[in-house]
file model37.txt (compact mmCIF, C-alpha atoms)
# COMPACT_ATOMS: atom_id res chain seq x y z
CA MET A 1050 -24.30 42.95 -19.46
CA ALA A 1051 -23.88 39.22 -18.94
CA ASP A 1052 -26.20 37.46 -16.51
CA LYS A 1053 -24.83 37.06 -13.00
CA ARG A 1054 -23.28 33.63 -12.42
CA PRO A 1055 -25.28 31.39 -10.03
CA ASP A 1056 -22.31 31.08 -7.69
CA LYS A 1057 -22.34 34.89 -7.32
CA ILE A 1058 -25.96 35.03 -6.19
CA THR A 1059 -26.04 35.93 -2.51
CA ILE A 1060 -28.25 34.80 0.33
CA ALA A 1061 -29.40 38.40 0.64
CA GLU A 1062 -30.82 38.24 -2.90
CA VAL A 1063 -32.58 34.96 -2.14
CA ALA A 1064 -33.98 36.43 1.08
CA LYS A 1065 -35.26 39.53 -0.76
CA LEU A 1066 -37.06 37.45 -3.40
CA ALA A 1067 -38.55 35.16 -0.72
CA GLY A 1068 -39.61 38.10 1.44
CA VAL A 1069 -37.70 36.96 4.53
CA SER A 1070 -34.65 38.11 6.47
CA THR A 1071 -31.14 37.15 5.41
CA ALA A 1072 -30.73 35.22 8.69
CA THR A 1073 -33.87 33.20 8.00
CA ALA A 1074 -32.74 32.38 4.46
CA GLY A 1075 -29.37 31.36 5.83
CA ARG A 1076 -30.97 28.96 8.33
CA VAL A 1077 -33.10 27.33 5.67
CA LEU A 1078 -30.35 26.95 3.09
CA GLY A 1079 -27.79 25.93 5.71
CA GLY A 1080 -30.03 23.27 7.21
CA TYR A 1081 -29.74 24.52 10.78
CA GLY A 1082 -32.15 26.15 13.21
CA TYR A 1083 -35.94 26.19 12.97
CA SER A 1084 -38.19 27.72 10.32
CA ARG A 1085 -41.83 27.09 9.45
CA GLN A 1086 -42.44 24.83 6.48
CA GLU A 1087 -44.12 27.70 4.61
CA ILE A 1088 -40.97 29.81 5.00
CA LYS A 1089 -38.75 26.90 3.95
CA ASP A 1090 -40.77 26.44 0.77
CA LYS A 1091 -40.52 30.15 -0.12
CA VAL A 1092 -36.76 30.26 0.42
CA ARG A 1093 -36.10 27.10 -1.53
CA GLN A 1094 -38.30 28.26 -4.40
CA ALA A 1095 -36.45 31.59 -4.53
CA SER A 1096 -33.12 29.76 -4.38
CA GLU A 1097 -34.03 27.55 -7.33
CA GLN A 1098 -35.38 30.49 -9.31
CA LEU A 1099 -32.16 32.46 -8.92
CA GLY A 1100 -29.91 29.40 -9.31
CA TYR A 1101 -28.28 30.03 -5.93
CA ARG A 1102 -25.29 27.89 -5.01
CA PRO A 1103 -24.35 27.68 -1.33
CA ASN A 1104 -20.90 28.65 -0.10
CA LEU A 1105 -19.86 25.43 1.61
CA LEU A 1106 -16.91 27.04 3.37
CA ALA A 1107 -19.17 29.67 4.90
CA ARG A 1108 -21.67 26.99 5.90
CA GLY A 1109 -18.86 25.05 7.52
CA LEU A 1110 -17.96 28.04 9.70
CA ILE A 1111 -21.54 28.07 11.02
CA THR A 1112 -22.25 24.35 11.35
CA GLY A 1113 -18.71 23.15 12.09
CA LYS A 1114 -18.99 20.64 9.22
CA THR A 1115 -17.67 20.68 5.67
CA MET A 1116 -19.81 17.70 4.66
CA THR A 1117 -16.75 15.88 3.33
CA ILE A 1118 -15.05 12.59 4.19
CA GLY A 1119 -11.36 12.09 3.49
CA VAL A 1120 -10.19 8.70 2.20
CA VAL A 1121 -6.57 7.54 2.12
CA ALA A 1122 -6.21 4.47 -0.13
CA GLY A 1123 -3.12 2.32 -0.35
CA ASP A 1124 -3.20 2.21 -4.16
CA ILE A 1125 -5.95 3.99 -6.08
CA GLN A 1126 -5.12 1.97 -9.21
CA SER A 1127 -5.98 -1.27 -7.45
CA PRO A 1128 -9.42 -2.81 -8.09
CA PHE A 1129 -9.42 -3.58 -4.36
CA TYR A 1130 -9.52 0.09 -3.38
CA ALA A 1131 -11.67 1.13 -6.32
CA SER A 1132 -14.47 -1.17 -5.15
CA ILE A 1133 -14.14 -0.05 -1.53
CA LEU A 1134 -14.29 3.58 -2.64
CA ARG A 1135 -17.49 2.89 -4.57
CA GLY A 1136 -19.11 1.66 -1.39
CA VAL A 1137 -17.88 4.69 0.56
CA ALA A 1138 -19.07 7.14 -2.10
CA ASP A 1139 -22.54 5.60 -2.41
CA VAL A 1140 -23.27 5.86 1.31
CA ALA A 1141 -21.66 9.30 1.62
CA ARG A 1142 -23.64 10.70 -1.31
CA ALA A 1143 -26.91 9.41 0.10
CA SER A 1144 -26.18 11.40 3.28
CA GLY A 1145 -25.18 14.57 1.44
CA PHE A 1146 -21.43 14.12 1.93
CA GLY A 1147 -18.66 14.40 -0.62
CA VAL A 1148 -15.47 12.30 -0.70
CA LEU A 1149 -11.89 13.55 -1.06
CA LEU A 1150 -9.57 10.75 -2.19
CA THR A 1151 -5.82 10.57 -1.67
CA ASN A 1152 -3.22 7.85 -2.21
CA SER A 1153 -0.39 6.58 0.03
CA ASP A 1154 1.23 3.89 -2.15
CA GLU A 1155 1.43 1.96 1.15
CA ARG A 1156 4.21 4.34 2.23
CA LEU A 1157 4.08 5.97 5.65
CA ASP A 1158 5.66 9.25 4.49
CA ARG A 1159 3.02 9.68 1.79
CA GLU A 1160 0.29 8.67 4.20
CA LEU A 1161 1.42 11.41 6.59
CA GLU A 1162 1.26 13.96 3.76
CA ALA A 1163 -2.20 12.73 2.72
CA VAL A 1164 -3.62 12.91 6.24
CA GLN A 1165 -2.16 16.38 6.75
CA LEU A 1166 -3.68 17.57 3.47
CA LEU A 1167 -7.11 16.19 4.30
CA ARG A 1168 -7.06 17.68 7.78
CA GLU A 1169 -6.08 21.05 6.32
CA LYS A 1170 -9.13 20.71 4.08
CA GLN A 1171 -11.07 20.24 7.32
CA VAL A 1172 -12.74 16.98 6.36
CA ASP A 1173 -15.29 15.82 8.91
CA GLY A 1174 -13.77 12.34 9.19
CA LEU A 1175 -11.07 10.05 7.80
CA ILE A 1176 -11.31 6.57 6.29
CA ILE A 1177 -7.85 5.11 5.86
CA ALA A 1178 -5.96 1.93 5.03
CA PRO A 1179 -3.09 2.47 7.50
CA SER A 1180 0.43 1.50 6.50
CA ASP A 1181 1.52 1.38 10.15
CA ILE A 1182 -0.56 -0.70 12.54
CA LEU A 1183 1.81 -0.32 15.50
CA GLY A 1184 2.24 3.43 15.92
CA SER A 1185 0.27 5.71 13.58
CA LEU A 1186 0.77 8.71 15.86
CA HIS A 1187 -0.81 10.95 13.21
CA LEU A 1188 -4.07 9.01 13.53
CA HIS A 1189 -3.98 9.15 17.32
CA SER A 1190 -3.47 12.90 16.97
CA ALA A 1191 -6.40 13.28 14.58
CA ILE A 1192 -8.74 11.51 17.01
CA ARG A 1193 -7.52 13.63 19.94
CA ASP A 1194 -8.30 16.70 17.86
CA GLY A 1195 -11.87 15.51 17.33
CA CYS A 1196 -11.53 14.09 13.81
CA PRO A 1197 -13.15 10.62 13.67
CA VAL A 1198 -11.14 7.86 12.00
CA VAL A 1199 -12.21 4.51 10.54
CA THR A 1200 -9.56 2.09 9.30
CA ILE A 1201 -10.16 -0.36 6.46
CA ASP A 1202 -8.49 -3.68 5.63
CA ARG A 1203 -6.40 -3.54 8.81
CA ALA A 1204 -6.73 -2.22 12.36
CA VAL A 1205 -4.18 -0.12 14.26
CA ILE A 1206 -3.25 -1.52 17.66
CA ASN A 1207 -4.63 0.57 20.56
CA LEU A 1208 -6.17 3.18 18.25
CA ALA A 1209 -9.57 4.45 19.44
CA ALA A 1210 -11.08 4.05 15.98
CA ASP A 1211 -13.59 1.79 14.31
CA SER A 1212 -12.24 -0.69 11.77
CA VAL A 1213 -13.63 -2.71 8.87
CA THR A 1214 -11.74 -5.82 7.80
CA VAL A 1215 -12.39 -9.30 6.50
CA ASP A 1216 -11.75 -12.54 8.37
CA ASN A 1217 -8.45 -13.24 6.60
CA ARG A 1218 -7.45 -16.02 8.94
CA ALA A 1219 -10.61 -18.09 8.47
CA ALA A 1220 -10.70 -17.54 4.70
CA SER A 1221 -7.09 -18.63 4.30
CA ARG A 1222 -7.64 -21.65 6.53
CA GLU A 1223 -10.59 -22.69 4.34
CA CYS A 1224 -8.53 -22.36 1.15
CA ILE A 1225 -5.70 -24.52 2.43
CA SER A 1226 -8.13 -27.06 3.85
CA ARG A 1227 -9.71 -27.40 0.40
CA LEU A 1228 -6.31 -28.17 -1.09
CA ILE A 1229 -5.46 -30.64 1.67
CA ASP A 1230 -8.81 -32.37 1.22
CA ALA A 1231 -7.98 -32.71 -2.49
CA GLY A 1232 -4.85 -34.66 -1.51
CA HIS A 1233 -2.17 -31.96 -1.58
CA ARG A 1234 0.61 -32.11 1.00
CA ARG A 1235 3.08 -29.65 -0.53
CA ILE A 1236 1.24 -26.34 -0.81
CA GLY A 1237 3.25 -23.28 -1.80
CA MET A 1238 2.30 -19.80 -0.68
CA VAL A 1239 3.23 -16.50 -2.34
CA ALA A 1240 2.62 -13.56 0.00
CA GLU A 1241 3.77 -10.01 0.62
CA LEU A 1242 4.54 -10.52 4.34
CA GLU A 1243 6.17 -7.13 4.49
CA ARG A 1244 6.20 -6.15 8.15
CA TRP A 1245 6.39 -8.23 11.31
CA GLU A 1246 8.30 -6.55 14.10
CA HIS A 1247 9.45 -9.78 15.78
CA GLY A 1248 11.58 -11.31 13.04
CA ASP A 1249 11.39 -13.35 9.86
CA VAL A 1250 9.03 -16.09 8.67
CA ASP A 1251 10.87 -18.76 10.68
CA ALA A 1252 10.41 -16.73 13.85
CA PHE A 1253 6.73 -16.19 13.01
CA ILE A 1254 6.13 -19.91 12.46
CA ARG A 1255 7.81 -20.76 15.76
CA SER A 1256 5.78 -18.09 17.58
CA VAL A 1257 2.49 -19.35 16.13
CA GLU A 1258 3.40 -22.90 17.11
CA ARG A 1259 3.93 -21.64 20.68
CA ASN A 1260 0.57 -19.82 20.58
CA ALA A 1261 2.47 -16.58 21.11
CA VAL A 1262 0.90 -14.56 18.27
CA ASP A 1263 -2.36 -12.61 18.42
CA PRO A 1264 -3.71 -12.82 14.85
CA THR A 1265 -5.86 -9.71 15.30
CA ASN A 1266 -2.70 -7.58 15.55
CA LEU A 1267 -1.26 -8.57 12.17
CA PHE A 1268 -1.24 -7.23 8.64
CA PRO A 1269 -3.60 -9.15 6.32
CA SER A 1270 -0.88 -11.21 4.61
CA TRP A 1271 0.45 -12.40 7.98
CA GLN A 1272 -3.09 -13.27 9.03
CA ARG A 1273 -3.37 -15.36 5.88
CA LEU A 1274 -0.13 -17.15 6.73
CA PHE A 1275 -1.60 -17.78 10.19
CA GLY A 1276 -4.63 -19.46 8.57
CA TYR A 1277 -2.30 -21.43 6.27
CA MET A 1278 -0.56 -22.81 9.35
CA GLU A 1279 -3.81 -23.57 11.17
CA ALA A 1280 -5.09 -25.65 8.26
CA HIS A 1281 -1.90 -27.68 8.26
CA ARG A 1282 -2.07 -28.17 12.01
CA SER A 1283 -5.71 -29.29 11.86
CA ALA A 1284 -4.76 -31.90 9.25
CA GLY A 1285 -1.81 -33.12 11.32
CA LEU A 1286 0.70 -31.73 8.80
CA SER A 1287 3.86 -29.78 9.50
CA VAL A 1288 4.63 -26.54 7.67
CA ASP A 1289 7.64 -26.68 5.35
CA ARG A 1290 9.25 -23.23 5.63
CA VAL A 1291 10.69 -23.60 2.12
CA LEU A 1292 7.17 -23.51 0.69
CA VAL A 1293 6.35 -20.10 2.19
CA GLY A 1294 7.36 -17.52 -0.40
CA ARG A 1295 7.86 -14.19 1.34
CA VAL A 1296 8.07 -11.39 -1.23
CA GLY A 1297 8.78 -8.80 1.45
CA VAL A 1298 7.34 -5.84 -0.49
CA TYR A 1299 4.24 -5.15 -2.55
CA SER A 1300 6.03 -5.96 -5.81
CA ALA A 1301 5.05 -7.89 -8.94
CA GLU A 1302 8.70 -8.56 -9.76
CA GLY A 1303 9.32 -9.91 -6.26
CA ALA A 1304 6.24 -12.13 -6.55
CA ARG A 1305 7.46 -13.51 -9.87
CA LYS A 1306 10.84 -14.36 -8.35
CA GLU A 1307 9.28 -16.16 -5.39
CA THR A 1308 6.92 -18.10 -7.66
CA GLN A 1309 9.84 -19.13 -9.87
CA ARG A 1310 11.79 -20.26 -6.81
CA LEU A 1311 8.88 -22.38 -5.59
CA LEU A 1312 8.13 -23.95 -8.95
CA HIS A 1313 11.79 -24.80 -9.60
CA LEU A 1314 12.24 -26.68 -6.33
CA PRO A 1315 13.32 -30.32 -6.82
CA ASP A 1316 10.23 -31.34 -4.85
CA ARG A 1317 8.05 -28.49 -6.00
CA PRO A 1318 4.60 -27.78 -4.59
CA THR A 1319 1.62 -29.47 -6.21
CA ALA A 1320 -0.64 -26.54 -5.27
CA LEU A 1321 -0.17 -22.79 -4.90
CA PHE A 1322 -1.95 -20.22 -2.73
CA THR A 1323 -1.48 -16.54 -3.56
CA THR A 1324 -2.53 -13.97 -0.99
CA ASP A 1325 -3.60 -10.92 -2.99
CA GLY A 1326 -4.34 -9.76 -6.53
CA LEU A 1327 -0.82 -8.57 -7.36
CA MET A 1328 0.75 -11.82 -6.13
CA SER A 1329 -1.81 -13.78 -8.16
CA ALA A 1330 -1.19 -11.93 -11.43
CA ALA A 1331 2.58 -12.30 -11.07
CA ALA A 1332 2.27 -15.99 -10.24
CA MET A 1333 0.10 -16.59 -13.31
CA GLU A 1334 2.79 -15.04 -15.52
CA VAL A 1335 5.29 -17.57 -14.23
CA ILE A 1336 2.87 -20.50 -14.47
CA THR A 1337 2.11 -19.59 -18.08
CA THR A 1338 5.79 -19.18 -18.95
CA LEU A 1339 6.55 -22.63 -17.54
CA ASP A 1340 3.66 -24.15 -19.56
CA LEU A 1341 2.11 -25.63 -16.44
CA ARG A 1342 -1.50 -26.68 -16.84
CA ILE A 1343 -4.04 -25.76 -14.19
CA PRO A 1344 -5.16 -27.89 -12.41
CA THR A 1345 -3.47 -30.91 -14.05
CA ASP A 1346 0.08 -29.83 -13.22
CA LEU A 1347 -0.65 -27.37 -10.45
CA SER A 1348 -3.73 -26.52 -8.39
CA LEU A 1349 -4.23 -22.84 -7.63
CA ILE A 1350 -6.29 -20.74 -5.23
CA CYS A 1351 -6.04 -16.95 -5.13
CA PHE A 1352 -7.02 -14.50 -2.40
CA ASP A 1353 -8.91 -11.63 -4.12
CA ASP A 1354 -11.15 -12.26 -7.09
CA LEU A 1355 -10.07 -10.42 -10.26
CA ASP A 1356 -11.93 -10.29 -13.58
CA TRP A 1357 -9.40 -12.37 -15.50
CA MET A 1358 -9.83 -15.29 -13.10
CA SER A 1359 -13.28 -16.04 -14.49
CA PHE A 1360 -12.20 -15.51 -18.12
CA LEU A 1361 -9.65 -18.34 -18.13
CA LYS A 1362 -10.50 -21.97 -18.83
CA PRO A 1363 -10.60 -23.46 -16.33
CA GLY A 1364 -11.36 -20.43 -14.18
CA ILE A 1365 -9.31 -19.74 -11.08
CA SER A 1366 -10.85 -20.49 -7.69
CA ALA A 1367 -10.62 -17.43 -5.48
CA VAL A 1368 -11.58 -15.77 -2.22
CA VAL A 1369 -14.11 -13.04 -2.98
CA GLN A 1370 -13.78 -10.15 -0.58
CA PRO A 1371 -16.97 -8.10 -0.01
CA LEU A 1372 -15.25 -4.88 -1.05
CA ILE A 1373 -18.26 -2.68 -1.71
CA ASP A 1374 -19.76 -3.89 1.58
CA MET A 1375 -16.50 -2.92 3.31
CA GLY A 1376 -16.70 0.59 1.89
CA GLU A 1377 -20.35 0.96 2.81
CA ALA A 1378 -19.70 -0.26 6.36
CA ALA A 1379 -16.77 2.15 6.77
CA ALA A 1380 -18.87 5.06 5.52
CA ARG A 1381 -21.74 4.25 7.87
CA LEU A 1382 -19.34 4.06 10.81
CA ILE A 1383 -17.64 7.37 10.03
CA LEU A 1384 -20.98 9.14 9.48
CA ALA A 1385 -22.23 7.86 12.83
CA ARG A 1386 -19.12 9.24 14.55
CA ILE A 1387 -19.41 12.57 12.69
CA ASN A 1388 -22.99 12.80 13.93
CA GLY A 1389 -21.84 12.41 17.50
CA GLU A 1390 -22.23 8.69 18.22
CA ASP A 1391 -20.10 7.66 21.19
CA GLY A 1392 -19.11 4.24 22.46
CA GLU A 1393 -16.24 1.81 22.25
CA PRO A 1394 -14.50 1.30 18.88
CA GLN A 1395 -16.30 -1.20 16.69
CA ARG A 1396 -14.36 -4.02 15.01
CA VAL A 1397 -16.30 -5.14 11.96
CA ALA A 1398 -14.91 -8.31 10.32
CA LEU A 1399 -16.83 -9.32 7.21
CA LYS A 1400 -16.90 -12.87 5.90
CA PRO A 1401 -15.62 -13.31 2.34
CA ALA A 1402 -17.11 -15.78 -0.12
CA PHE A 1403 -15.35 -18.51 -2.10
CA ALA A 1404 -15.67 -18.82 -5.88
CA GLU A 1405 -15.04 -22.41 -7.00
CA ARG A 1406 -14.04 -22.43 -10.67
CA GLY A 1407 -12.18 -25.65 -11.30
CA SER A 1408 -8.55 -24.85 -10.53
CA ILE A 1409 -8.31 -27.53 -7.83
CA ALA A 1410 -7.61 -31.18 -8.61
CA PRO A 1411 -5.84 -34.07 -6.87
CA PRO A 1412 -2.05 -33.90 -7.28
CA ARG A 1413 -0.53 -36.07 -9.98
CA SER A 1414 2.76 -37.91 -9.60
CA LEU A 1415 5.70 -35.65 -10.44
call {"tool": "encode", "arguments": {"input": "model37.txt", "output": "structure tokens"}}
result
Amino acid sequence: MADKRPDKITIAEVAKLAGVSTATAGRVLGGYGYSRQEIKDKVRQASEQLGYRPNLLARGLITGKTMTIGVVAGDIQSPFYASILRGVADVARASGFGVLLTNSDERLDRELEAVQLLREKQVDGLIIAPSDILGSLHLHSAIRDGCPVVTIDRAVINLAADSVTVDNRAASRECISRLIDAGHRRIGMVAELERWEHGDVDAFIRSVERNAVDPTNLFPSWQRLFGYMEAHRSAGLSVDRVLVGRVGVYSAEGARKETQRLLHLPDRPTALFTTDGLMSAAAMEVITTLDLRIPTDLSLICFDDLDWMSFLKPGISAVVQPLIDMGEAAARLILARINGEDGEPQRVALKPAFAERGSIAPPRSL
């Protein structure tokens, strides 16, 4: 007869070998209740000898925890989310938690499916990059039902959840200020700018000029446009709406079209600011196709630091988001909530770094 598989070994068998009751063995292996250290050592030694594997579902019924964290990423193929997930997984593993990963493709319908799936799996908490920062009723519902939520990259308005973001506004303002200090006055911007409930880019610019926009209640790309405007205002420069390339969706093809539009203007920009990795890669395709030299013909700063940016000569100056730190911070927050920590929602905004690589130069006469 074949040896019994380790996952078929029962607590009763472990208890018998250790010379204790089944209830005592269950307490030791489940990590709940009190047992003397001598008893713990006997049970654990018997468990290892038999190759016992705990039934996590059964443990969850007793402890009320499955020891899992659910993560909903916007795009699991993106290096952005891959790095964040690494930070989440490292902290979760160190605390004995596993991670269940799902993908939303930045679509609300898929996000709803992902959250429902993870809740059906009875995860102990959710870390999510929300595609809806205005409503997100499914996240409000999760919190009411006792499932902690931490949002990453963006915060949902009026949601009683912790959030981990970066200071997009300040980082963008610094980028544009660097270009202005180098002598640039026509600075193009290629950005997603997908959702703003109060109108188009013109309406946004007017609202910012009237101090009628709260930058904390914006998607990251709109926050970066806010910083773009602030840098111009600080330098006493007006914003030329024509130079703001709104792609409207998270699309490489759309980013290429907006970059082409900007670089074919009669009075084209002398510098370009791209607001995320996808926008940057698409813009570089167009710049290469047009045989423009960086920084001689065009200065360039990108938000998000990708590997290829340091491989080029000259390298591309970029905003370096602390992605692993973001994941670690989100994991620590969700674990604290799972363990019963109360208090007001925490808003953690990390400061990104800037990698100067030589893609900025004074504008030349066109």
call {"tool": "residues_around", "arguments": {"input": "model37.txt", "residues": "segment 1248-1262 of chain A", "least_positions_apart": "6", "cutoff": "12 Å", "atoms": "all atoms listed in the file", "output": "VMD selection string"}}
result
chain A and resid 1240 to 1242 1270 to 1272 1274 to 1279 1281 to 1282 1287 to 1297
call {"tool": "residues_around", "arguments": {"input": "model37.txt", "residues": "segment 1162-1175 of chain A", "least_positions_apart": "2", "cutoff": "8 Å", "atoms": "all atoms listed in the file", "output": "list in words"}}
result
Lys1114, Thr1115, Met1116, Thr1117, Ile1118, Gly1119, Val1120, Val1121, Leu1149, Thr1151, Asn1152, Ser1153, Asp1158, Arg1159, Glu1160, Ile1177, His1187, Cys1196, Pro1197, Val1198, Val1199, Ile1383, Leu1384 and Ile1387 of chain A
call {"tool": "write_last_selection", "arguments": {"input": "model37.txt", "atoms": "C-alpha atoms", "output": "short mmCIF file (atom, residue, chain, number, x, y, z; two decimals), in the coordinates of the input"}}
result
data_model
loop_
_atom_site.label_atom_id
_atom_site.label_comp_id
_atom_site.auth_asym_id
_atom_site.auth_seq_id
_atom_site.Cartn_x
_atom_site.Cartn_y
_atom_site.Cartn_z
CA LYS A 1114 -18.99 20.64 9.22
CA THR A 1115 -17.67 20.68 5.67
CA MET A 1116 -19.81 17.70 4.66
CA THR A 1117 -16.75 15.88 3.33
CA ILE A 1118 -15.05 12.59 4.19
CA GLY A 1119 -11.36 12.09 3.49
CA VAL A 1120 -10.19 8.70 2.20
CA VAL A 1121 -6.57 7.54 2.12
CA LEU A 1149 -11.89 13.55 -1.06
CA THR A 1151 -5.82 10.57 -1.67
CA ASN A 1152 -3.22 7.85 -2.21
CA SER A 1153 -0.39 6.58 0.03
CA ASP A 1158 5.66 9.25 4.49
CA ARG A 1159 3.02 9.68 1.79
CA GLU A 1160 0.29 8.67 4.20
CA ILE A 1177 -7.85 5.11 5.86
CA HIS A 1187 -0.81 10.95 13.21
CA CYS A 1196 -11.53 14.09 13.81
CA PRO A 1197 -13.15 10.62 13.67
CA VAL A 1198 -11.14 7.86 12.00
CA VAL A 1199 -12.21 4.51 10.54
CA ILE A 1383 -17.64 7.37 10.03
CA LEU A 1384 -20.98 9.14 9.48
CA ILE A 1387 -19.41 12.57 12.69
#
call {"tool": "closest_residue", "arguments": {"input": "model37.txt", "among": "A:Arg1234, A:Val1092, A:Asn1217, A:Gln1086", "to": "Ala1072 of chain A", "atoms": "all atoms listed in the file"}}
result
A:Val1092
call {"tool": "closest_residue", "arguments": {"input": "model37.txt", "among": "A:Ile1206, A:Ile1201, A:Met1328, A:Leu1188", "to": "Val1239 of chain A", "atoms": "all atoms listed in the file"}}
result
A:Met1328
call {"tool": "axis_aligned_box", "arguments": {"input": "model37.txt", "around": "segment 1383-1396 of chain A", "padding_each_side": "3 Å", "output": "AutoDock Vina command-line options"}}
result
--center_x -18.7 --center_y 4.4 --center_z 16.0 --size_x 14.6 --size_y 22.8 --size_z 19.0
call {"tool": "atom_distance", "arguments": {"input": "model37.txt", "atom1": "atom CA of Gln1395 of chain A", "atom2": "atom CA of Gly1123 of chain A"}}
result
21.8 Å
call {"tool": "residues_around", "arguments": {"input": "model37.txt", "residues": "Ala1331 of chain A", "least_positions_apart": "6", "cutoff": "7 Å", "atoms": "all atoms listed in the file", "output": "number ranges by chain"}}
result
A: 1301, 1304-1305
call {"tool": "closest_residue", "arguments": {"input": "model37.txt", "among": "A:Cys1351, A:Ile1343, A:Val1148, A:Leu1372", "to": "Thr1319 of chain A", "atoms": "only C-alpha atoms"}}
result
A:Ile1343
call {"tool": "closest_residue", "arguments": {"input": "model37.txt", "among": "A:Gly1082, A:Asp1340, A:Ala1320, A:Arg1218", "to": "Asp1263 of chain A", "atoms": "all atoms listed in the file"}}
result
A:Arg1218
call {"tool": "closest_residue", "arguments": {"input": "model37.txt", "among": "A:Pro1318, A:Gly1195, A:Gly1136, A:Gly1100", "to": "Ala1380 of chain A", "atoms": "only C-alpha atoms"}}
result
A:Gly1136
call {"tool": "atom_distance", "arguments": {"input": "model37.txt", "atom1": "atom CA of Leu1327 of chain A", "atom2": "atom CA of Gln1126 of chain A"}}
result
11.5 Å
call {"tool": "atom_distance", "arguments": {"input": "model37.txt", "atom1": "atom CA of Asp1154 of chain A", "atom2": "atom CA of Ala1367 of chain A"}}
result
24.6 Å
call {"tool": "residues_near_point", "arguments": {"input": "model37.txt", "point": "(-9.6, -12.3, 15.1)", "cutoff": "12 Å", "atoms": "only C-alpha atoms", "output": "VMD selection string"}}
result
chain A and resid 1203 to 1204 1214 to 1220 1262 to 1269 1272 to 1273 1275 to 1276 1396 to 1400
call {"tool": "residues_around", "arguments": {"input": "model37.txt", "residues": "Ile1182 of chain A", "least_positions_apart": "2", "cutoff": "7 Å", "atoms": "all atoms listed in the file", "output": "number ranges by chain"}}
result
A: 1179-1180, 1184-1185, 1204-1206
call {"tool": "closest_residue", "arguments": {"input": "model37.txt", "among": "A:Ala1210, A:Ile1192, A:Ile1350, A:Leu1355", "to": "Ser1127 of chain A", "atoms": "all atoms listed in the file"}}
result
A:Leu1355
